[in-house]
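Quick look at structure31.cif (mmCIF, C-alpha atoms):
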data_input
#
loop_
_atom_site.label_atom_id
_atom_site.label_comp_id
_atom_site.auth_asym_id
_atom_site.auth_seq_id
_atom_site.Cartn_x
_atom_site.Cartn_y
_atom_site.Cartn_z
CA MET A 1 7.75 -8.48 22.86
CA ASP A 2 4.95 -10.78 21.67
CA GLY A 3 4.73 -12.40 18.25
CA ASN A 4 2.17 -9.95 16.88
CA HIS A 5 4.27 -6.89 17.63
CA ALA A 6 7.15 -8.34 15.63
CA ARG A 7 4.94 -8.58 12.53
CA PHE A 8 5.39 -4.97 11.47
CA PRO A 9 9.09 -4.99 10.51
CA THR A 10 8.64 -8.38 8.85
CA VAL A 11 5.84 -7.14 6.61
CA VAL A 12 7.71 -3.94 5.76
CA ILE A 13 10.93 -5.71 4.83
CA LEU A 14 9.27 -8.46 2.81
CA LEU A 15 7.11 -6.05 0.86
CA MET A 16 10.00 -3.76 -0.04
CA ILE A 17 12.17 -6.68 -1.13
CA GLY A 18 9.31 -8.03 -3.19
CA MET A 19 8.56 -4.70 -4.87
CA GLU A 20 12.21 -4.16 -5.72
CA MET A 21 12.69 -7.58 -7.24
CA LEU A 22 9.50 -7.38 -9.27
CA LEU A 23 10.65 -4.05 -10.67
CA LYS A 24 14.04 -5.45 -11.59
CA GLN A 25 12.35 -8.23 -13.53
CA GLU A 26 10.78 -5.66 -15.84
CA TYR A 27 14.22 -4.34 -16.75
CA ASN A 28 16.05 -7.65 -16.97
CA LYS A 29 13.92 -9.83 -19.22
CA ASN A 30 17.02 -11.32 -20.83
CA GLU A 31 18.20 -12.77 -17.52
CA LYS A 32 15.29 -15.09 -16.77
CA MET A 33 17.31 -18.18 -15.92
CA LYS A 34 19.78 -16.22 -13.83
CA ASN A 35 16.99 -14.84 -11.64
CA LEU A 36 14.83 -17.95 -11.44
CA LYS A 37 16.03 -18.97 -7.97
CA LYS A 38 15.49 -15.45 -6.68
CA MET A 39 11.99 -15.42 -8.09
CA LYS A 40 11.02 -18.64 -6.35
CA TRP A 41 12.23 -17.19 -3.06
CA LEU A 42 10.42 -13.91 -3.74
CA MET A 43 7.13 -15.62 -4.42
CA ALA A 44 7.35 -17.41 -1.11
CA CYS A 45 7.78 -14.04 0.61
CA LEU A 46 4.89 -12.50 -1.29
CA ALA A 47 2.67 -15.42 -0.40
CA ILE A 48 3.31 -14.62 3.26
CA ILE A 49 2.45 -10.96 2.73
CA ALA A 50 -0.68 -11.68 0.69
CA THR A 51 -2.11 -13.91 3.41
CA PHE A 52 -1.02 -12.11 6.56
CA THR A 53 -4.51 -10.79 7.21
CA SER A 54 -6.22 -14.19 7.01
CA CYS A 55 -3.94 -16.53 8.96
CA LEU A 56 -3.91 -14.86 12.35
CA ASP A 57 -3.79 -17.72 14.85
CA ASP A 58 -6.55 -19.72 13.15
CA LYS A 59 -7.18 -22.53 15.61
CA ASN A 60 -10.53 -23.83 14.40
CA ASP A 61 -12.29 -24.97 11.26
CA ASP A 62 -15.28 -22.68 11.60
CA SER A 63 -16.12 -21.66 8.04
CA LYS A 64 -18.69 -19.06 9.05
CA PRO A 65 -17.35 -15.50 8.71
CA ARG A 66 -17.19 -13.65 12.00
CA THR A 67 -17.84 -9.93 12.22
CA LEU A 68 -17.16 -7.18 14.70
CA THR A 69 -19.96 -5.68 16.74
CA GLN A 70 -20.67 -1.97 16.44
CA ALA A 71 -19.19 -1.52 19.92
CA GLN A 72 -15.97 -3.29 18.88
CA ILE A 73 -15.70 -1.18 15.73
CA ALA A 74 -16.19 2.04 17.70
CA SER A 75 -13.62 0.97 20.29
CA GLN A 76 -11.08 0.10 17.60
CA LEU A 77 -11.51 3.40 15.78
CA PHE A 78 -11.21 5.46 18.97
CA GLU A 79 -8.02 3.61 19.94
CA MET A 80 -6.54 4.15 16.46
CA ALA A 81 -7.49 7.84 16.35
CA GLY A 82 -4.66 10.36 16.51
CA ASP A 83 -1.76 11.91 14.62
CA TYR A 84 0.90 9.68 13.08
CA SER A 85 4.33 10.29 11.62
CA GLY A 86 6.30 7.84 9.54
CA TYR A 87 7.12 7.08 5.94
CA LEU A 88 5.56 6.13 2.66
CA TYR A 89 7.54 3.24 1.17
CA PHE A 90 7.85 2.43 -2.51
CA THR A 91 10.29 1.23 -5.16
CA ASN A 92 11.62 3.96 -7.43
CA ASP A 93 11.25 2.89 -11.06
CA THR A 94 14.03 5.28 -12.11
CA THR A 95 16.76 4.13 -9.74
CA MET A 96 15.26 0.62 -9.26
CA LYS A 97 15.97 0.92 -5.55
CA ARG A 98 13.89 0.91 -2.40
CA ASP A 99 12.93 4.40 -1.32
CA SER A 100 10.84 6.20 1.27
CA ILE A 101 9.45 9.68 1.85
CA PRO A 102 8.52 11.19 5.24
CA CYS A 103 4.78 11.20 5.66
CA ALA A 104 2.21 12.28 8.27
CA TRP A 105 -1.46 11.42 8.65
CA HIS A 106 -4.41 11.75 10.98
CA VAL A 107 -7.02 9.16 11.93
CA SER A 108 -10.32 10.45 13.30
CA ALA A 109 -13.17 8.71 15.10
CA PRO A 110 -16.04 7.97 14.93
CA ASP A 111 -16.12 8.96 11.24
CA SER A 112 -13.33 6.40 10.50
CA ALA A 113 -11.47 8.83 8.25
CA ILE A 114 -7.74 8.91 7.59
CA VAL A 115 -6.13 11.93 5.94
CA ILE A 116 -2.58 11.71 4.62
CA HIS A 117 -1.44 15.34 4.75
CA ASN A 118 1.57 15.14 2.45
CA PHE A 119 1.05 12.29 0.01
CA PRO A 120 3.96 12.77 -2.45
CA MET A 121 2.88 13.44 -6.03
CA SER A 122 6.23 12.06 -7.22
CA VAL A 123 5.18 8.52 -6.27
CA LEU A 124 2.44 8.72 -8.92
CA ALA A 125 5.13 9.01 -11.61
CA ASN A 126 6.12 5.37 -11.12
CA GLY A 127 5.07 3.41 -14.18
CA VAL A 128 4.23 6.52 -16.23
CA ARG A 129 6.14 6.29 -19.51
CA ASP A 130 5.33 9.65 -21.09
CA THR A 131 8.20 12.09 -20.50
CA LEU A 132 6.06 15.19 -19.94
CA ALA A 133 3.65 13.43 -17.62
CA LYS A 134 6.41 11.74 -15.64
CA ASN A 135 8.51 14.88 -15.15
CA THR A 136 5.45 16.92 -14.20
CA LEU A 137 4.45 14.43 -11.51
CA LEU A 138 8.02 14.02 -10.25
CA ASN A 139 8.28 17.75 -9.63
CA GLY A 140 4.79 18.28 -8.26
CA GLU A 141 3.90 19.30 -4.73
CA SER A 142 2.51 16.99 -2.08
CA LEU A 143 -1.19 16.17 -2.03
CA SER A 144 -3.83 15.47 0.61
CA LEU A 145 -5.28 11.97 0.32
CA ARG A 146 -8.44 11.08 2.24
CA ALA A 147 -9.62 7.52 2.86
CA LEU A 148 -11.98 5.54 5.06
CA LEU A 149 -11.04 2.76 7.47
CA ARG A 150 -13.30 -0.28 7.66
CA PRO A 151 -12.34 -2.59 10.57
CA TYR A 152 -12.81 -6.33 10.16
CA PHE A 153 -12.53 -9.33 12.45
CA ASN A 154 -9.34 -11.20 13.32
CA ASP A 155 -8.68 -13.76 16.04
CA ASN A 156 -6.42 -11.37 18.00
CA HIS A 157 -8.77 -8.40 18.05
CA GLU A 158 -9.35 -8.59 21.80
CA LYS A 159 -5.57 -8.41 22.34
CA GLY A 160 -5.43 -5.01 20.67
CA TYR A 161 -4.26 -6.23 17.27
CA TYR A 162 -6.56 -4.56 14.72
CA THR A 163 -7.03 -5.09 11.00
CA TYR A 164 -8.96 -2.97 8.56
CA TRP A 165 -9.60 -2.10 4.93
CA MET A 166 -8.31 1.28 3.80
CA LEU A 167 -10.55 2.68 1.07
CA PRO A 168 -9.60 5.97 -0.68
CA MET A 169 -12.60 8.29 -0.98
CA ASN A 170 -14.55 7.63 -4.19
CA ASP A 171 -11.73 5.27 -5.25
CA LYS A 172 -9.90 8.15 -6.88
CA LEU A 173 -7.94 11.37 -6.46
CA GLU A 174 -8.34 14.29 -8.88
CA PHE A 175 -6.23 17.43 -9.07
CA SER A 176 -4.54 19.88 -11.43
CA VAL A 177 -0.84 20.59 -11.69
CA TYR A 178 1.09 23.27 -13.58
CA ARG A 179 4.33 22.90 -15.51
CA ASN A 180 5.82 25.77 -17.55
CA ASN A 181 2.62 27.74 -16.98
CA THR A 182 0.52 24.99 -18.55
CA LYS A 183 -2.28 23.35 -16.62
CA HIS A 184 -2.55 19.56 -16.61
CA ASP A 185 -5.45 17.55 -15.19
CA VAL A 186 -4.65 14.36 -13.32
CA LYS A 187 -6.86 11.57 -12.02
CA VAL A 188 -5.58 8.66 -9.94
CA ASP A 189 -7.63 5.47 -9.73
CA PHE A 190 -7.13 3.29 -6.66
CA THR A 191 -8.15 -0.32 -6.20
CA TYR A 192 -8.86 -2.63 -3.25
CA GLN A 193 -7.25 -5.67 -4.86
CA MET A 194 -4.44 -5.95 -7.37
CA GLN A 195 -2.74 -8.89 -9.03
CA VAL A 196 0.93 -8.61 -9.92
CA ASN A 197 2.07 -11.06 -12.60
CA SER A 198 5.69 -12.11 -12.93
CA LEU A 199 7.74 -13.37 -15.84
CA TYR A 200 7.49 -16.90 -14.52
CA ASN A 201 3.70 -17.27 -14.50
CA TYR A 202 3.45 -16.63 -10.78
CA ALA A 203 0.84 -14.21 -9.49
CA SER A 204 0.63 -12.34 -6.20
CA ILE A 205 -2.42 -10.58 -4.83
CA TYR A 206 -2.22 -7.34 -2.86
CA TYR A 207 -5.14 -5.98 -0.86
CA SER A 208 -5.81 -2.45 0.37
CA VAL A 209 -5.62 -3.48 4.01
CA GLY A 210 -3.82 -2.39 7.15
CA GLU A 211 -2.76 -3.39 10.66
CA TYR A 212 -2.60 -1.57 14.00
CA LEU A 213 -0.84 -2.59 17.20
CA ASN A 214 0.68 -0.67 20.12
CA ARG A 215 0.22 2.77 18.53
CA GLU A 216 1.77 1.65 15.23
CA MET A 217 0.00 1.20 11.91
CA VAL A 218 0.84 0.04 8.40
CA SER A 219 -1.50 0.37 5.42
CA TYR A 220 -1.31 -0.55 1.75
CA ILE A 221 -2.22 1.98 -0.95
CA LEU A 222 -2.83 0.36 -4.35
CA ILE A 223 -2.54 2.64 -7.40
CA LYS A 224 -4.27 1.16 -10.44
CA ASP A 225 -4.21 3.90 -13.09
CA VAL A 226 -2.90 7.42 -13.52
CA VAL A 227 -4.74 9.56 -16.08
CA PHE A 228 -2.73 12.57 -17.26
CA ASP A 229 -4.53 14.90 -19.69
CA ASN A 230 -6.71 12.00 -20.89
CA GLN A 231 -3.72 9.68 -21.32
CA THR A 232 -4.23 6.60 -19.16
CA PHE A 233 -1.21 4.82 -17.70
CA THR A 234 -2.00 1.50 -16.01
CA THR A 235 0.70 1.55 -13.37
CA GLY A 236 -0.44 -1.23 -11.04
CA TRP A 237 1.71 0.07 -8.20
CA ALA A 238 1.66 -0.97 -4.52
CA THR A 239 2.92 1.43 -1.84
CA PHE A 240 2.35 1.54 1.90
CA ILE A 241 2.58 3.86 4.87
CA TYR A 242 4.12 2.83 8.18
CA GLY A 243 4.29 5.01 11.25
CA LYS A 244 3.58 5.65 14.93
CA LYS A 245 1.56 8.09 17.00
#
Conversion result in structure tokens:
Amino acid sequence: MDGNHARFPTVVILLMIGMEMLLKQEYNKNEKMKNLKKMKWLMACLAIIATFTSCLDDKNDDSKPRTLTQAQIASQLFEMAGDYSGYLYFTNDTTMKRDSIPCAWHVSAPDSAIVIHNFPMSVLANGVRDTLAKNTLLNGESLSLRALLRPYFNDNHEKGYYTYWMLPMNDKLEFSVYRNNTKHDVKVDFTYQMQVNSLYNYASIYYSVGEYLNREMVSYILIKDVVFDNQTFTTGWATFIYGKK
């Protein structure tokens, strides 16, 4: 197994540990000194995650950005195309534990579209503080989330290691949900970049990017806001999908 193939479990584990510890901070503000050592370690992990797309075997000082040709983009998309099964990973803000939900998606070429068939509505409840809104989302049915893949250059592209931006269509998802025979309108705003601030003046940047290698892919999904019946909840939540075809 080469070094690139081993990247997937490392990214998954580090991200889940980071998300869990950041969540615990929010609920343990009176234990700052006790958790200081853990936070320093966490920030080191998050720094690795935040830069994993830009430090791929960089062996030169060429400052000029390199781009993929149209032929390379088409080849990458056709190789990535297919049906995937895996999980959507997140940290549950109720139990404060790592969690995952089975998930399936399809990547099509040449239109570079990805459709997550059963994106769980319950994940959108994370960070929502209103009781009605939270319970409605927690008990809602799965959704279909459509996004576009935009490949970009990395030094290992010719070895079959692909990187890309994952951009939800129109940057948002809108739907209606019923609870006790009452209709509620929901809008989810996604973002391509999100900064997570800690209690110790550290900041980590997440990007809506993904990786593909040997029929496996992992992609971030960054949830900025959830609007429930005109109430806006700035959740700032990072989740990701990981699976195989």
Excluding A:Lys183 and any residue of its chain fewer than 3 positions from it, enumerate the residues within 12 Å of it, using all atoms listed in the file, and give them as a ChimeraX atom specification. /A:133,136,175-180,186,228-229
On this structure, which residues satisfy the PyMOL selection byres ((chain A and resi 215-223) around 6), written as a list in words?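 Selected by the PyMOL selection byres ((chain A and resi 215-223) around 6) here: Phe190, Thr191, Ser208, Val209, Gly210, Glu211, Tyr212, Leu213, Asn214, Lys224, Gly236, Trp237, Ala238, Thr239, Phe240, Ile241, Tyr242, Gly243, Lys244 and Lys245 of chain A.
Here the question is which of A:Leu137, A:Asn156, A:Met166, A:Val128 gets nearest to A:Asp225 using all atoms listed in the file, and that residue is A:Val128.
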Between A:Leu145, A:His117, A:Thr94, A:Gln76, smallest distance to A:Lys159 by all atoms listed in the file belongs to A:Gln76
How far is it from atom CA of A:Met96 to atom CA of A:Glu141, in Å with one decimal?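 One can read the atom CA of A:Met96 to atom CA of A:Glu141 distance as 22.3 Å.
Across the structure, atom CA of A:Gly86 and atom CA of A:Glu174 are spaced 24.4 Å apart.
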Rounded to one decimal, what separation in Å do you get between atom CA of A:Gln70 and atom CA of A:Ser85? 28.3 Å
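Compared by their closest atoms to A:Leu132, and using all atoms listed in the file, the residues A:Ser100, A:Met194, A:Gln231, A:Asp171 rank with A:Gln231 nearest.
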Identify, on the basis of only C-alpha atoms, every residue whose closest approach to A:Gln193 does not exceed 7 Å; exclude the query and any residue fewer than 6 positions from it along the same chain; express the result as a PyMOL selection string. chain A and resi 205-208
Residues within 10 Å of stretch 123-125 of chain A, only C-alpha atoms, excluding chain neighbours under 4 positions, as a count of residues only: 30
Between A:Asn118, A:Thr95, A:Gln72, A:Ser144, which residue has the minimum interatomic distance to A:Leu173, considering only C-alpha atoms?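 For A:Leu173, the nearest of the candidates is A:Ser144.
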Would you mind listing what lies within 10 Å of A:Met169 as a ChimeraX atom specification, with all atoms listed in the file counted and same-chain residues fewer than 5 positions away left out? /A:113-114,145-148,190
What's the 8 Å shell around stretch 106-112 of chain A, counting all atoms listed in the file, without same-chain residues fewer than 3 positions away, as a PyMOL selection string? chain A and resi 74+77-78+80-84+115-117+148-150
Go ahead and save the picked residues with C-alpha atoms, as an mmCIF file, in the coordinates of the input.
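selection_7.cif, written as the output of this step:
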data_model
loop_
_atom_site.group_PDB
_atom_site.id
_atom_site.type_symbol
_atom_site.label_atom_id
_atom_site.label_comp_id
_atom_site.auth_asym_id
_atom_site.auth_seq_id
_atom_site.Cartn_x
_atom_site.Cartn_y
_atom_site.Cartn_z
ATOM 1 C CA ALA A 74 -16.190 2.040 17.700
ATOM 2 C CA LEU A 77 -11.510 3.400 15.780
ATOM 3 C CA PHE A 78 -11.210 5.460 18.970
ATOM 4 C CA MET A 80 -6.540 4.150 16.460
ATOM 5 C CA ALA A 81 -7.490 7.840 16.350
ATOM 6 C CA GLY A 82 -4.660 10.360 16.510
ATOM 7 C CA ASP A 83 -1.760 11.910 14.620
ATOM 8 C CA TYR A 84 0.900 9.680 13.080
ATOM 9 C CA VAL A 115 -6.130 11.930 5.940
ATOM 10 C CA ILE A 116 -2.580 11.710 4.620
ATOM 11 C CA HIS A 117 -1.440 15.340 4.750
ATOM 12 C CA LEU A 148 -11.980 5.540 5.060
ATOM 13 C CA LEU A 149 -11.040 2.760 7.470
ATOM 14 C CA ARG A 150 -13.300 -0.280 7.660
#
Applied to the shown file, which residues does the PyMOL selection byres ((chain A and resi 68) around 10) return, written as a VMD selection string? chain A and resid 66 to 67 69 to 74 76 151 to 154 157
Edge lengths and centre in Å to one decimal, as JSON, is what I'm after for the box along x, y and z that holds all listed atoms of stretch 212-218 of chain A once 5 Å is added on each side.
{"center_x": -0.4, "center_y": 0.1, "center_z": 14.3, "size_x": 14.4, "size_y": 15.4, "size_z": 21.7}
